[in-house]
Amino acid sequence: MFKKYSDVIAACFFMLLGVVILALSSQLEIKDNYGGAALVPRICAVVIMLCAAKELYSGVRGLRSAATAEDDNEEKETPSDYKKVILTFVSIVLYALLFEKIGFLLATFLYIVSQAALLAPNGTKRNYALYVVVAVVFSVLIYFVFTRVFWIMLPTGIFR
Amino acid sequence: MLDIFATGFSQICNPEILLLILLGVVMGIIFGGTPGISTSMGIALMLPLTFKMPLIPSVATILGLYIGGTSGGLITAILLNIPGTSSAIATCWDGHPMARRGEAGKALGVGILYSFIGGLLSLIILFIMAPALAKVALKFSAIEYFAISTFSLTLIASVSGASLSKGIISAALGVAFTLFGAAPVDGVLRFTFGFHGLDGGFQLLPVLVGIYAVSEILKVAEKNEPLPELAKYKMKGFGISWPEFMGQIPNLIRSTLIGTGVGILPGIGGGVSNIIAYTAAKDQSKYPEKFGTGIVDGIVASETANNAVTGGALIPLLTLGIPGDAGTAMLLAALMVQGVVPGPMLFRTNLDIVYTIFAIMILANVIMIVVEYFGIPLFLKVLKIPQNLLFPIVLAMCSVGAYASNNRTFDVWSIIIFAAVGYGLSKFGYPTSPFVLGFILGSIFELNLRRALMVTNGSYLAFFSKPIAAGAFIITILFVALILYNRHKTSQKTGKS
């Protein structure tokens with residue numbers, strides 16, 4: 001289902017992106033006679049829109065032919081687990097948010113434990129004790145390598 | 001020239017540097033050899049650690065990783081039938097059938113030996129070509145730089161992925177991401193929306209980490225497959241007899257030239273070269289029907305070509321500042337952090353750095369063949385570390401690295417933005433390598449286009465008055481025409497069948 005419409009969706013998105021870049025670059029201050037700071041943004045926008053138009057055309061044509069011939073390749077692939085993708089993305093965003101708030105050590109510990117549990121292959125037992133040990137060891141190790149060997153300050157957060 | 005070489009070697013002949021090259025090679029083989037974790041991810045992980053090192057140690061670590069990683073993919077390609085990196089795709093085709101027949105030891109031996117030879121031969125080409133090319137490049141004006149960056153972007157857009165328009169969109173999007181912040185030439189602030197973090201634009205490191213490390217983790221989350229059973233192996237020598245070796249010489253030379261050539265072309269790396277070399281070896285062979293059934297010719301072609309890329313890819317990086325593949329893009333990031341800007345001037349002002357890089361490359365290849373030959377049992381143990389533990393640690397290291405490079409959380413957010421862009425692009429069937437090269441070349445493209453227009457008073461036609469620039473434009477057009485013609489022909493063929 002996704003595969004069927006993905007080309008058309010992406011082409012429409014890039015078409016829109018081209019329009020947005022054009023609109024934004026028209027507000028730029030131009031200091032020379034050759035397009036100034038807006039020249040390359042406009043080139044990018046036009047190139048993106050032209051190629052997106054071509055993709056839209058072949059995508060719509062593909063939709064028509066796909067309606068008659070069913071795609072049987074999809075079944076052989078491993079099914080995509082989008083819930084895991086979204087949860088992984090959310091945990092990375094949370095990690096970045098917490099990084100400065102609660103400090104590197106605690107944020108990294110929490111992140112490693114939750115991400116390890118999340119990425120465990122389906123059907124296998126989750127060994128939380130191992131995740132906790134690995135998370136403690138590596139968050140402390142990374143912290144010490146960066147702060148004591150390379151003298152890079154990391155957010156200390158609540159361990160101030 | 002020999003004395004400069006001696007200086008190069010004297011710079012690296014100390015235990016610290018040797019240890020760092022060894023560390024790099026070992027890490028590289030592990031990252032290159034582990035399916036799902038790419039060499040680029042390994043370099044992205046180590047980059048932040050190199051920031052605070054002096055120049056030579058940091059370059060030694062990165063180049064060790066690059067050489068080890070390019071070759072490491074052959075282990076899993078042969079024993080598991082899964083290429084550890086895209087450089088080893090064609091190694092699977094004959095390597096695994098050999099392993100299934102009980103000849104895994106021979107397949108590994110041949111793969112390792114030819115990785116080494118391919119790498120060294122490409123270095124010789126590098127030594128000869130780079131200084132000569134740098135001399136020519138010194139005379140380049142903005143027009144030539146603009147022409148070459150246009151050529152590079154078109155080239156990568158047309159060879160990566162199945163659709164030319166998707167490749168071009170990806171490259172243009174990469175260029176678009178360089179437009180944030182102050183414009184070159186006149187410093188007009190663009191697309192910052194009042195957000196000061198964007199004034200300086202996006203940095204290269206978060207882009208590389210986001211695309212090559214984090215978006216890969218998202219892909220693993222989407223499809224998490226356990227590894228299949230390993231084939232058994234036993235190694236004795238390199239498994240190849242003298243007559244066999246002599247018989248492979250034409251294949252070796254052809255594959256080296258293909259690998260180095262692909263490496264020189266900007267943005268295309270080992271992932272393409274091994275397949276082209278394999279196909280060429282098959283086409284030229286007296287027994288093409290045997291390819292794929294487990295013959296050494298296939299492994300020789302693939303492994304020679306992918307390692308020959310390493311010397312080739314350094315040529316445009318050192319002479320023009322344009323990286324030849326993902327690994328050299330990482331090296332570019334490392335050099336820029338150290339304040340070294342690769343380009344023709346490097347050969348004038350910092351010739352010692354150039355020759356130290358050459359010396360490190362030679363040594364890394366020697367260390368690679370030794371470590372890989374004796375270390376396989378160890379690497380197979382590393383392979384058993386569950387990926388769900390490895391990935392979070394990699395990500396944590398990358399985020400610290402991005403944060404540490406400027407001490408601001410904005411760069412950590414940039415990683416997340418580029419991870420989403422990278423994942424989104426590949427999800428919708430858009431290749432990511434044009435995006436990365438677009439980002440790297442975007443500022444070179446814009447700066448030189450605007451300078452060139454000032455020189456020619458706004459005339460685009462005047463660009464063709466410079467022979468090198470005109471040549472680059474004509475080759476670009478011919479190349480696109482050729483690609484379109486070939487695609488048209490293949491689509492007609494498949495349509496008929």
# chains A, B, ... in the order shown; residues from 1 in each chain; ligands from 1
$ closest_atom_pairs --of "chain A" --to "chain B" --cutoff "7 Å" --atoms "only C-alpha atoms" --output "CSV"
residue,atom,partner,partner_atom,distance
A:Ser6,CA,B:Phe428,CA,5.9
A:Asp7,CA,B:Phe428,CA,6.8
A:Ala10,CA,B:Phe428,CA,6.7
A:Glu29,CA,B:Val188,CA,6.9
A:Tyr34,CA,B:Gly458,CA,5.8
A:Ala37,CA,B:Ala183,CA,5.9
A:Val40,CA,B:Glu446,CA,6.3
A:Pro41,CA,B:Ala176,CA,6.6
A:Cys44,CA,B:Ala172,CA,5.5
A:Ile48,CA,B:Ile169,CA,5.2
A:Cys51,CA,B:Ser165,CA,5.0
A:Glu55,CA,B:Ser165,CA,6.8
A:Thr78,CA,B:Lys223,CA,6.5
A:Pro79,CA,B:Lys223,CA,7.0
A:Ser80,CA,B:Glu222,CA,5.1
A:Asp81,CA,B:Glu222,CA,4.7
A:Tyr82,CA,B:Glu222,CA,5.8
A:Lys84,CA,B:Ala221,CA,5.5
A:Val85,CA,B:Ala221,CA,5.3
A:Thr88,CA,B:Leu218,CA,6.8
A:Ala96,CA,B:Val412,CA,6.5
A:Thr108,CA,B:Ala396,CA,6.5
A:Ile112,CA,B:Pro392,CA,5.1
A:Gln115,CA,B:Pro392,CA,6.0
A:Ala116,CA,B:Asn388,CA,4.8
A:Leu119,CA,B:Asn388,CA,4.9
A:Ala120,CA,B:Asn388,CA,5.4
A:Pro121,CA,B:Asn224,CA,5.9
A:Phe150,CA,B:Lys52,CA,6.0
A:Ile152,CA,B:Ala404,CA,6.4
$ write_last_selection --atoms "C-alpha atoms" --output "short mmCIF file (atom, residue, chain, number, x, y, z; two decimals), in the first residue's frame"
data_model
loop_
_atom_site.label_atom_id
_atom_site.label_comp_id
_atom_site.auth_asym_id
_atom_site.auth_seq_id
_atom_site.Cartn_x
_atom_site.Cartn_y
_atom_site.Cartn_z
CA SER A 6 5.12 6.63 -2.02
CA ASP A 7 6.44 8.10 -5.31
CA ALA A 10 7.21 12.29 -2.22
CA GLU A 29 17.90 41.22 0.10
CA TYR A 34 23.18 38.53 -10.82
CA ALA A 37 21.91 35.66 -2.18
CA VAL A 40 21.30 29.51 -5.62
CA PRO A 41 18.10 29.06 -3.55
CA CYS A 44 17.69 24.66 -6.10
CA ILE A 48 13.72 20.31 -7.34
CA CYS A 51 12.49 16.76 -11.15
CA GLU A 55 8.57 11.98 -10.63
CA THR A 78 10.63 -8.77 6.47
CA PRO A 79 7.60 -6.76 7.57
CA SER A 80 8.38 -3.19 8.64
CA ASP A 81 7.88 -2.38 12.30
CA TYR A 82 7.00 1.34 12.24
CA LYS A 84 9.68 0.62 16.77
CA VAL A 85 10.89 3.32 14.37
CA THR A 88 13.27 4.90 18.63
CA ALA A 96 18.55 15.21 23.33
CA THR A 108 22.68 8.40 28.65
CA ILE A 112 20.81 3.06 26.57
CA GLN A 115 16.84 1.78 23.44
CA ALA A 116 18.38 -1.66 24.08
CA LEU A 119 15.70 -2.81 19.68
CA ALA A 120 15.71 -6.37 21.07
CA PRO A 121 14.52 -8.67 18.26
CA PHE A 150 39.84 15.05 26.16
CA ILE A 152 35.47 18.37 27.03
#
$ select_by_dssp --residues "chain A" --states "helix (DSSP H, G or I)" --output "ChimeraX atom specification"
/A:2-25,36-68,74-76,82-101,104-119,128-149,157-159
$ atom_distance --atom1 "CA of Tyr233 in chain B" --atom2 "CA of Val25 in chain B"
22.5 Å
$ residues_around --residues "Ile444 in chain B" --least-positions-apart "3" --cutoff "8 Å" --atoms "only C-alpha atoms" --output "MDAnalysis selection string"
chainID B and resid 145:146 149 440:441 447:448
$ residues_around --residues "Ile78 in chain B" --least-positions-apart "6" --cutoff "9 Å" --atoms "only C-alpha atoms" --output "JSON, numbers by chain"
{"B": [91, 92, 93, 94, 95, 96, 97, 98, 99, 104, 107, 108, 231]}
$ residues_around --residues "range 60-65 of chain A" --least-positions-apart "6" --cutoff "10 Å" --atoms "only C-alpha atoms" --output "ChimeraX atom specification"
/A:4-5,7-8
$ write_last_selection --atoms "N, CA and C atoms" --output "PDB file, in the first residue's frame"
ATOM      1  N   LYS A   4       2.929   1.731  -3.113  1.00  0.00           N
ATOM      2  CA  LYS A   4       2.145   2.119  -4.267  1.00  0.00           C
ATOM      3  C   LYS A   4       2.084   3.644  -4.404  1.00  0.00           C
ATOM      4  N   TYR A   5       1.860   4.322  -3.284  1.00  0.00           N
ATOM      5  CA  TYR A   5       1.665   5.768  -3.360  1.00  0.00           C
ATOM      6  C   TYR A   5       2.908   6.575  -3.015  1.00  0.00           C
ATOM      7  N   ASP A   7       5.839   7.214  -4.307  1.00  0.00           N
ATOM      8  CA  ASP A   7       6.435   8.099  -5.307  1.00  0.00           C
ATOM      9  C   ASP A   7       5.624   9.375  -5.478  1.00  0.00           C
ATOM     10  N   VAL A   8       4.302   9.202  -5.518  1.00  0.00           N
ATOM     11  CA  VAL A   8       3.427  10.362  -5.730  1.00  0.00           C
ATOM     12  C   VAL A   8       3.477  11.289  -4.517  1.00  0.00           C
TER      13      VAL A   8
END
$ residues_around --residues "range 235-246 of chain B" --least-positions-apart "5" --cutoff "7 Å" --atoms "only C-alpha atoms" --output "list in words"
Gly105, Lys106, Gly109, Val110 and Leu113 of chain B
$ closest_residue --among "A:Ser91, A:Phe144, A:Leu105, A:Phe99" --to "Leu118 in chain A" --atoms "only C-alpha atoms"
A:Ser91
$ residues_around --residues "Asp325 in chain B" --least-positions-apart "3" --cutoff "8 Å" --atoms "only C-alpha atoms" --output "list in words"
Gly263, Pro266, Gly267, Ile268, Gly269, Gly270, Ala313, Thr328 and Ala329 of chain B
